Structures are given as structure tokens and as C-alpha cells.
>>> print(open('work-v7.txt').read())   # compact mmCIF, C-alpha atoms
# COMPACT_ATOMS: atom_id res chain seq x y z
CA MET K 130 0.00 0.00 0.00
CA ASN K 131 0.99 3.63 -0.35
CA PHE K 132 1.99 4.89 3.07
CA LYS K 133 2.28 8.42 1.75
CA LYS K 134 -1.52 8.49 1.86
CA LEU K 135 -1.65 7.72 5.55
CA ILE K 136 -1.99 10.04 8.50
CA LEU K 137 -0.11 8.48 11.36
CA ILE K 138 -0.91 7.76 14.90
CA ALA K 139 2.41 9.44 15.56
CA ALA K 140 1.10 12.60 13.98
CA ALA K 141 -1.76 12.70 16.42
CA SER K 142 0.73 12.18 19.23
CA ALA K 143 2.85 15.05 17.94
CA LEU K 144 -0.17 17.33 17.84
CA VAL K 145 -1.12 16.37 21.38
CA CYS K 146 2.39 17.08 22.61
CA GLY K 147 2.39 20.44 20.89
CA ALA K 148 -1.01 21.33 22.24
CA MET K 149 0.04 20.48 25.77
CA ALA K 150 3.20 22.50 25.51
CA GLN K 151 1.10 25.44 24.40
CA GLY K 152 -1.43 25.12 27.20
CA GLY K 153 -3.88 22.67 25.63
CA GLY K 154 -4.56 19.44 27.35
CA PHE K 155 -6.57 16.35 27.96
CA GLY K 156 -9.84 17.87 29.07
CA GLN K 157 -13.32 16.99 27.90
CA GLY K 158 -14.95 18.45 24.86
CA ARG K 159 -13.07 18.91 21.60
CA ARG K 160 -9.67 18.31 23.20
CA GLY K 161 -10.77 14.84 24.25
CA GLY K 162 -11.61 13.72 20.75
CA PHE K 163 -8.29 13.72 18.94
CA GLY K 164 -5.02 12.01 19.56
CA MET K 165 -3.95 9.37 22.11
CA GLN K 166 -7.25 7.58 21.60
CA GLY K 167 -6.26 4.64 23.76
CA ASP K 168 -5.09 6.64 26.78
CA PRO K 169 -7.43 5.92 29.72
CA LEU K 170 -6.79 9.24 31.43
CA GLN K 171 -7.68 11.26 28.36
CA LEU K 172 -10.80 9.25 27.70
CA THR K 173 -12.10 9.84 31.23
CA GLY K 174 -12.07 13.55 30.38
CA ARG K 175 -14.81 13.01 27.79
CA GLU K 176 -18.37 13.61 28.92
CA ASP K 177 -19.67 10.57 27.03
CA VAL K 178 -17.16 8.32 28.82
CA GLN K 179 -17.91 9.90 32.19
CA LYS K 180 -21.60 9.24 31.64
CA ASP K 181 -21.04 5.63 30.58
CA LEU K 182 -18.83 4.94 33.61
CA ALA K 183 -21.18 6.83 35.96
CA LEU K 184 -18.28 8.68 37.54
CA THR K 185 -18.91 10.38 40.85
CA ASP K 186 -18.06 14.04 41.40
CA ASP K 187 -15.17 12.98 43.62
CA GLN K 188 -13.77 10.73 40.90
CA LYS K 189 -14.12 13.48 38.30
CA THR K 190 -12.22 15.88 40.55
CA LYS K 191 -9.39 13.40 41.15
CA LEU K 192 -9.12 12.62 37.43
CA THR K 193 -9.07 16.32 36.55
CA GLU K 194 -6.25 16.91 39.04
CA LEU K 195 -4.36 13.97 37.55
CA ARG K 196 -4.79 15.32 34.02
CA ASP K 197 -3.44 18.69 35.13
CA LYS K 198 -0.34 17.01 36.55
CA VAL K 199 0.17 14.94 33.42
CA GLN K 200 -0.30 17.99 31.20
CA ALA K 201 2.47 19.79 33.06
CA LYS K 202 4.69 16.70 32.89
CA MET K 203 4.13 16.36 29.15
CA GLY K 204 4.90 20.00 28.57
CA GLU K 205 8.18 19.65 30.45
CA ALA K 206 9.04 16.46 28.55
CA PHE K 207 8.32 18.09 25.22
CA GLN K 208 10.55 21.05 26.05
CA ALA K 209 13.33 18.77 27.28
CA ALA K 210 13.15 16.61 24.16
CA ARG K 211 13.21 19.68 21.93
CA ASP K 212 16.19 21.17 23.77
CA ALA K 213 18.12 17.89 23.62
CA ALA K 214 17.33 17.09 19.99
CA GLY K 215 17.75 20.57 18.55
CA ASP K 216 16.90 20.45 14.86
CA ASP K 217 16.86 16.64 14.77
CA ARG K 218 13.12 16.02 14.52
CA ASP K 219 13.50 12.25 14.36
CA ALA K 220 15.42 12.25 17.63
CA MET K 221 12.83 14.46 19.28
CA ARG K 222 9.98 12.29 18.02
CA LYS K 223 11.61 9.10 19.29
CA ALA K 224 12.27 10.70 22.67
CA MET K 225 8.66 11.84 22.94
CA GLN K 226 7.31 8.46 21.89
CA ALA K 227 9.27 6.78 24.66
CA THR K 228 8.14 9.39 27.18
CA MET K 229 4.51 9.17 26.11
CA ALA K 230 4.55 5.37 26.33
CA LYS K 231 5.88 5.56 29.89
CA ILE K 232 3.41 8.24 30.94
CA SER K 233 0.52 6.35 29.35
CA GLU K 234 1.45 3.27 31.36
CA GLU K 235 1.61 5.36 34.53
CA ASN K 236 -1.76 6.89 33.65
CA ALA K 237 -3.40 3.49 33.39
CA LYS K 238 -2.25 2.55 36.89
CA ALA K 239 -3.25 5.91 38.37
CA VAL K 240 -6.70 5.81 36.77
CA ALA K 241 -7.27 2.25 38.02
CA GLU K 242 -6.68 3.47 41.57
CA ILE K 243 -9.45 6.05 41.18
CA LEU K 244 -12.02 3.84 39.46
CA THR K 245 -13.86 0.83 40.82
CA ALA K 246 -13.09 -2.64 39.46
CA ASP K 247 -16.27 -2.60 37.37
CA GLN K 248 -15.49 0.87 36.01
CA SER K 249 -11.95 -0.20 35.09
CA LYS K 250 -13.29 -3.22 33.23
CA ARG K 251 -15.77 -1.07 31.35
CA LEU K 252 -13.12 1.53 30.55
CA LYS K 253 -11.00 -1.17 28.90
CA GLU K 254 -14.00 -2.09 26.75
CA ILE K 255 -14.47 1.56 25.81
CA ILE K 256 -10.79 1.90 24.92
CA VAL K 257 -11.03 -1.07 22.55
CA GLN K 258 -14.23 0.27 20.98
CA PHE K 259 -12.89 3.82 20.79
CA ALA K 260 -9.45 3.06 19.32
CA GLY K 261 -10.48 -0.01 17.34
CA VAL K 262 -7.91 -2.50 16.09
CA GLN K 263 -5.16 0.14 16.30
CA VAL K 264 -5.18 -0.29 20.08
CA VAL K 265 -2.99 -3.38 19.64
CA VAL K 266 -0.13 -1.34 18.21
CA ASN K 267 0.91 0.32 21.48
CA ASN K 268 -1.25 -1.01 24.32
CA LYS K 269 0.98 -3.49 26.14
CA GLU K 270 -1.85 -4.86 28.25
CA ILE K 271 -3.95 -5.63 25.18
CA GLN K 272 -0.92 -7.09 23.41
CA LYS K 273 -0.37 -9.45 26.32
CA GLU K 274 -3.99 -10.56 26.40
CA LEU K 275 -3.97 -11.22 22.66
CA GLY K 276 -0.66 -13.04 22.77
CA ILE K 277 1.01 -10.68 20.31
CA THR K 278 4.34 -12.21 19.24
CA ASP K 279 7.69 -10.44 18.96
CA GLU K 280 7.43 -10.81 15.19
CA GLN K 281 4.08 -9.04 15.19
CA LYS K 282 5.43 -6.28 17.44
CA ALA K 283 8.30 -5.83 14.99
CA LYS K 284 5.79 -5.44 12.17
CA PHE K 285 3.90 -2.83 14.17
CA THR K 286 7.17 -0.96 14.75
CA GLU K 287 7.97 -1.08 11.05
CA LEU K 288 4.49 0.15 10.25
CA GLN K 289 4.85 3.07 12.65
CA THR K 290 8.29 3.97 11.31
CA ARG K 291 7.00 4.12 7.76
CA GLN K 292 4.01 6.08 8.99
CA GLN K 293 6.19 8.70 10.63
CA THR K 294 7.69 9.62 7.28
CA ALA K 295 4.25 9.84 5.73
CA THR K 296 3.02 11.98 8.63
CA ARG K 297 5.67 14.62 8.13
CA GLU K 298 4.63 14.92 4.50
CA ALA K 299 0.94 15.04 5.39
CA MET K 300 1.47 17.74 8.01
CA GLN K 301 3.56 19.78 5.59
CA ASN K 302 0.89 19.50 2.92
CA ALA K 303 -1.82 20.49 5.39
CA GLN K 304 0.22 23.60 6.30
CA GLY K 305 -1.31 23.81 9.75
CA ASP K 306 -4.88 23.44 8.49
CA GLN K 307 -6.60 21.53 11.29
CA ALA K 308 -9.64 20.76 9.14
CA ALA K 309 -7.38 19.24 6.48
CA MET K 310 -5.60 17.16 9.11
CA ARG K 311 -8.90 15.81 10.42
CA GLU K 312 -10.03 14.99 6.88
CA ILE K 313 -6.81 13.11 6.14
CA PHE K 314 -7.05 11.23 9.42
CA THR K 315 -10.67 10.22 8.78
CA LYS K 316 -10.05 9.06 5.22
CA ASN K 317 -7.02 6.99 6.16
CA ALA K 318 -8.15 5.47 9.45
CA LYS K 319 -9.69 2.62 7.50
CA ILE K 320 -6.42 2.02 5.63
CA MET K 321 -4.50 1.85 8.89
CA GLU K 322 -7.06 -0.54 10.31
CA GLU K 323 -6.70 -2.83 7.31
CA GLU K 324 -2.91 -2.90 7.64
CA VAL K 325 -3.01 -3.80 11.33
CA ASN K 326 -5.65 -6.44 10.66
CA LYS K 327 -3.26 -8.11 8.23
CA VAL K 328 -0.81 -8.66 11.09
CA LEU K 329 -3.36 -10.21 13.47
CA THR K 330 -4.54 -13.80 13.40
CA ASP K 331 -8.25 -14.65 13.27
CA ALA K 332 -8.08 -15.82 16.87
CA GLN K 333 -6.54 -12.51 17.98
CA LYS K 334 -9.20 -10.55 16.13
CA ALA K 335 -11.90 -12.59 17.86
CA LYS K 336 -10.27 -12.03 21.25
CA LEU K 337 -10.03 -8.28 20.62
CA LYS K 338 -13.71 -8.18 19.77
CA GLU K 339 -14.42 -10.00 23.02
CA LEU K 340 -12.35 -7.46 24.97
CA GLY K 341 -14.55 -4.73 23.50
CA GLY K 342 -17.51 -6.12 25.41
CA THR K 343 -21.12 -6.56 24.36
CA LYS K 344 -22.40 -3.17 25.50
CA LYS K 345 -21.96 -0.58 22.76
CA PHE K 346 -20.27 2.66 23.80
CA GLU K 347 -22.44 5.59 22.74
CA ARG K 348 -19.77 7.94 21.45
CA VAL K 349 -20.74 11.59 21.19
CA ASP K 350 -18.07 13.71 19.52
CA PRO K 351 -18.21 17.49 19.98
CA PRO K 352 -18.20 19.76 16.93
CA PRO K 353 -14.74 20.62 15.56
CA PRO K 354 -13.07 23.90 16.58
CA GLY K 355 -14.60 26.96 14.97
CA GLY K 356 -17.71 25.09 13.97
CA GLY K 357 -16.09 23.85 10.75
CA ARG K 358 -16.20 20.35 9.36
>>> encode(input="work-v7.txt", output="C-alpha cells")
Amino acid sequence: MNFKKLILIAAASALVCGAMAQGGGFGQGRRGGFGMQGDPLQLTGREDVQKDLALTDDQKTKLTELRDKVQAKMGEAFQAARDAAGDDRDAMRKAMQATMAKISEENAKAVAEILTADQSKRLKEIIVQFAGVQVVVNNKEIQKELGITDEQKAKFTELQTRQQTATREAMQNAQGDQAAMREIFTKNAKIMEEEVNKVLTDAQKAKLKELGGTKKFERVDPPPPGGGR
């Protein structure tokens, strides 16, 4: 397939990092609908997820405080990576990917301490439904449950590496146009899904579907910034 037509997961990550460094963040609403789709902390900032999980006011407060701390940590990490890498964008991207993977893992543990066992189980189902098959690319817990092999992980890494190159080109072509970025992401999400599906076995696909649960998550996305499409 032509990877130059793909918008990468890494691109979404880069946008999230940039937004955090500039004072954006994980909160609910439009900020909760783009990037880091499989991050449990971000998802709990969405009103539709909060409603599905029936979060208490105390839980919402604790999760908001946690998101604020993570936002500050991400901003510091982004600045540190940029200072260390200088003009080497590849080095900065790799540093941020490693940092984001670590923080995401920490987030999962911190969120689990705030939620009940039933809420944590449901959140995992929502993550699978929300991120789709792409959740297997980076989610270590899901990889373990599916029995993802080292060979498959290597293929995911190769896929991401090739995607990173395509992302830079896509972002350059979009020239900062957020609407264009969303359009590219939407059009190519299906392509990415197909590529990941090729790596999974039928048994792993069936297991992933099982992990998504039987109760459908009623996703309600807010309108894009500025009211545009």
C-alpha cells in the first residue's frame, strides 16, 4: 500500500504534545476527541465516557487533578526533548514516543486506583471500541492478552516507522490546516485498520472483539473547533 496516503498515529501524538506545551490538554470536549485515543486518562475527560462509567463528582475531581499534573509533565518532557534534539526532529519524536509510552502506562495505573473494578473493566472495553484495532499497536496490556508475538510487534514498529515519514509529509501538505488534518485522518483510518488487521490472526481478532464487550459505547463527539467540518 501507499503509506504516503496515511496520517499516522504518531502525527496525532505530535499534535497532542504540541497542544500540551502550548497550554492545551486532555480535558473533555473537543480536546478529548483527537489524539492518544487509547489513553485511559484522556478518555475519562470526555463527557460521554464519564456518563457511561457513571463517575462520581469525587472521581471526576481526582481525574481532573491527575490530568493537570500529566499535562504539566508532558509540557516539560516536550521542552526537554526539543532542547536535547535541537533540529533533529526524528530524535525528538523518538524521545517523545518513549516518554509518552511511559506516561501512558503510569496513567493506566493511576486511573485504576481512582475507578472501581467494574469501572476499570468497562473503561478497557471503551478503549477497545474507541481506538479499534489500532489499540494493539501500542497497548501493552492488550498485546499481552492477545498473545502478540515479537514478530508481530516488529511489524507494528515497522508500520509506525514508515508512517512517521508519511506523517511529516501530510502535516507539511496540510500547512497547519486543522480541518485538512482531520479529513486526512478520517479518510485513512480505515487504511491503517486494514494494515493492522493483516498482522493479526483470526483468533486474535476474535479475542479483541471479546475485549470490547457486548455493550456498545455511545460515542458523542463534539463539533470541531470553529464550527467547521
>>> residues_near_point(input="work-v7.txt", point="(-5.0, 13.7, 34.8)", cutoff="9 Å", atoms="only C-alpha atoms", output="list of chain:residue names")
K:Phe155, K:Gly156, K:Leu170, K:Gln171, K:Thr173, K:Gly174, K:Lys191, K:Leu192, K:Thr193, K:Glu194, K:Leu195, K:Arg196, K:Asp197, K:Lys198, K:Val199, K:Gln200, K:Asn236, K:Ala239, K:Val240
>>> residues_around(input="work-v7.txt", residues="K:Lys238", least_positions_apart="6", cutoff="12 Å", atoms="only C-alpha atoms", output="list in words")
Asp168, Pro169, Leu170, Leu195, Lys231, Ile232, Leu244, Ser249 and Glu270 of chain K
>>> closest_atom_pairs(input="work-v7.txt", of="stretch 251-336 of chain K", to="stretch 205-224 of chain K", cutoff="12 Å", atoms="all atoms listed in the file", output="tab-separated table")
residue	atom	partner	partner_atom	distance
K:Thr286	CA	K:Lys223	CA	11.9
K:Gln289	CA	K:Lys223	CA	11.2
K:Thr290	CA	K:Lys223	CA	10.1
K:Gln293	CA	K:Asp219	CA	8.9
K:Thr294	CA	K:Asp219	CA	9.5
K:Thr296	CA	K:Arg222	CA	11.7
K:Arg297	CA	K:Arg218	CA	9.9
>>> closest_residue(input="work-v7.txt", among="K:Lys180, K:Lys282, K:Lys319, K:Lys327", to="K:Ala260", atoms="all atoms listed in the file")
K:Lys319
>>> atom_distance(input="work-v7.txt", atom1="atom CA of K:Gln188", atom2="atom CA of K:Met203")
22.1 Å
>>> closest_residue(input="work-v7.txt", among="K:Val266, K:Ile256, K:Met310, K:Ala227", to="K:Leu329", atoms="all atoms listed in the file")
K:Val266
>>> atom_distance(input="work-v7.txt", atom1="atom CA of K:Asp306", atom2="atom CA of K:Asn268")
29.4 Å
>>> residues_around(input="work-v7.txt", residues="K:Gln333", least_positions_apart="4", cutoff="8 Å", atoms="all atoms listed in the file", output="list in words")
Leu275, Gly276, Leu329 and Leu337 of chain K
>>> atom_distance(input="work-v7.txt", atom1="atom CA of K:Val257", atom2="atom CA of K:Leu340")
7.0 Å
>>> residues_around(input="work-v7.txt", residues="K:Val325", least_positions_apart="4", cutoff="7 Å", atoms="only C-alpha atoms", output="MDAnalysis selection string")
chainID K and resid 262:263 321 329
>>> closest_residue(input="work-v7.txt", among="K:Ala318, K:Ile271, K:Ala309, K:Ala299", to="K:Glu254", atoms="all atoms listed in the file")
K:Ile271
>>> closest_residue(input="work-v7.txt", among="K:Ala308, K:Ala230, K:Leu182, K:Val328", to="K:Leu288", atoms="all atoms listed in the file")
K:Val328
>>> decode(input="work-v7.txt", residues="stretch 224-242 of chain K", atoms="N, CA and C atoms", output="CSV table (one decimal), in the first residue's frame")
chain,number,residue,atom,x,y,z
K,224,ALA,N,12.2,10.4,21.2
K,224,ALA,CA,12.3,10.7,22.7
K,224,ALA,C,10.9,10.9,23.2
K,225,MET,N,10.0,11.6,22.5
K,225,MET,CA,8.7,11.8,22.9
K,225,MET,C,7.8,10.6,22.9
K,226,GLN,N,8.0,9.7,22.0
K,226,GLN,CA,7.3,8.5,21.9
K,226,GLN,C,7.6,7.6,23.1
K,227,ALA,N,8.9,7.6,23.5
K,227,ALA,CA,9.3,6.8,24.7
K,227,ALA,C,8.7,7.4,25.9
K,228,THR,N,8.7,8.7,26.0
K,228,THR,CA,8.1,9.4,27.2
K,228,THR,C,6.6,9.2,27.3
K,229,MET,N,6.0,9.3,26.1
K,229,MET,CA,4.5,9.2,26.1
K,229,MET,C,4.1,7.8,26.5
K,230,ALA,N,4.9,6.8,26.0
K,230,ALA,CA,4.6,5.4,26.3
K,230,ALA,C,4.7,5.1,27.8
K,231,LYS,N,5.7,5.7,28.4
K,231,LYS,CA,5.9,5.6,29.9
K,231,LYS,C,4.8,6.3,30.6
K,232,ILE,N,4.4,7.5,30.3
K,232,ILE,CA,3.4,8.2,30.9
K,232,ILE,C,2.1,7.6,30.8
K,233,SER,N,1.8,7.0,29.6
K,233,SER,CA,0.5,6.4,29.3
K,233,SER,C,0.4,5.2,30.3
K,234,GLU,N,1.5,4.4,30.5
K,234,GLU,CA,1.5,3.3,31.4
K,234,GLU,C,1.2,3.7,32.8
K,235,GLU,N,1.8,4.8,33.2
K,235,GLU,CA,1.6,5.4,34.5
K,235,GLU,C,0.2,5.8,34.7
K,236,ASN,N,-0.4,6.4,33.6
K,236,ASN,CA,-1.8,6.9,33.7
K,236,ASN,C,-2.7,5.8,33.9
K,237,ALA,N,-2.5,4.6,33.2
K,237,ALA,CA,-3.4,3.5,33.4
K,237,ALA,C,-3.5,3.0,34.8
K,238,LYS,N,-2.3,3.0,35.5
K,238,LYS,CA,-2.2,2.6,36.9
K,238,LYS,C,-2.9,3.6,37.8
K,239,ALA,N,-2.7,4.9,37.5
K,239,ALA,CA,-3.3,5.9,38.4
K,239,ALA,C,-4.8,6.0,38.2
K,240,VAL,N,-5.3,5.8,37.0
K,240,VAL,CA,-6.7,5.8,36.8
K,240,VAL,C,-7.4,4.6,37.5
K,241,ALA,N,-6.7,3.5,37.4
K,241,ALA,CA,-7.3,2.2,38.0
K,241,ALA,C,-7.4,2.4,39.5
K,242,GLU,N,-6.6,3.2,40.1
K,242,GLU,CA,-6.7,3.5,41.6
K,242,GLU,C,-7.9,4.4,41.9
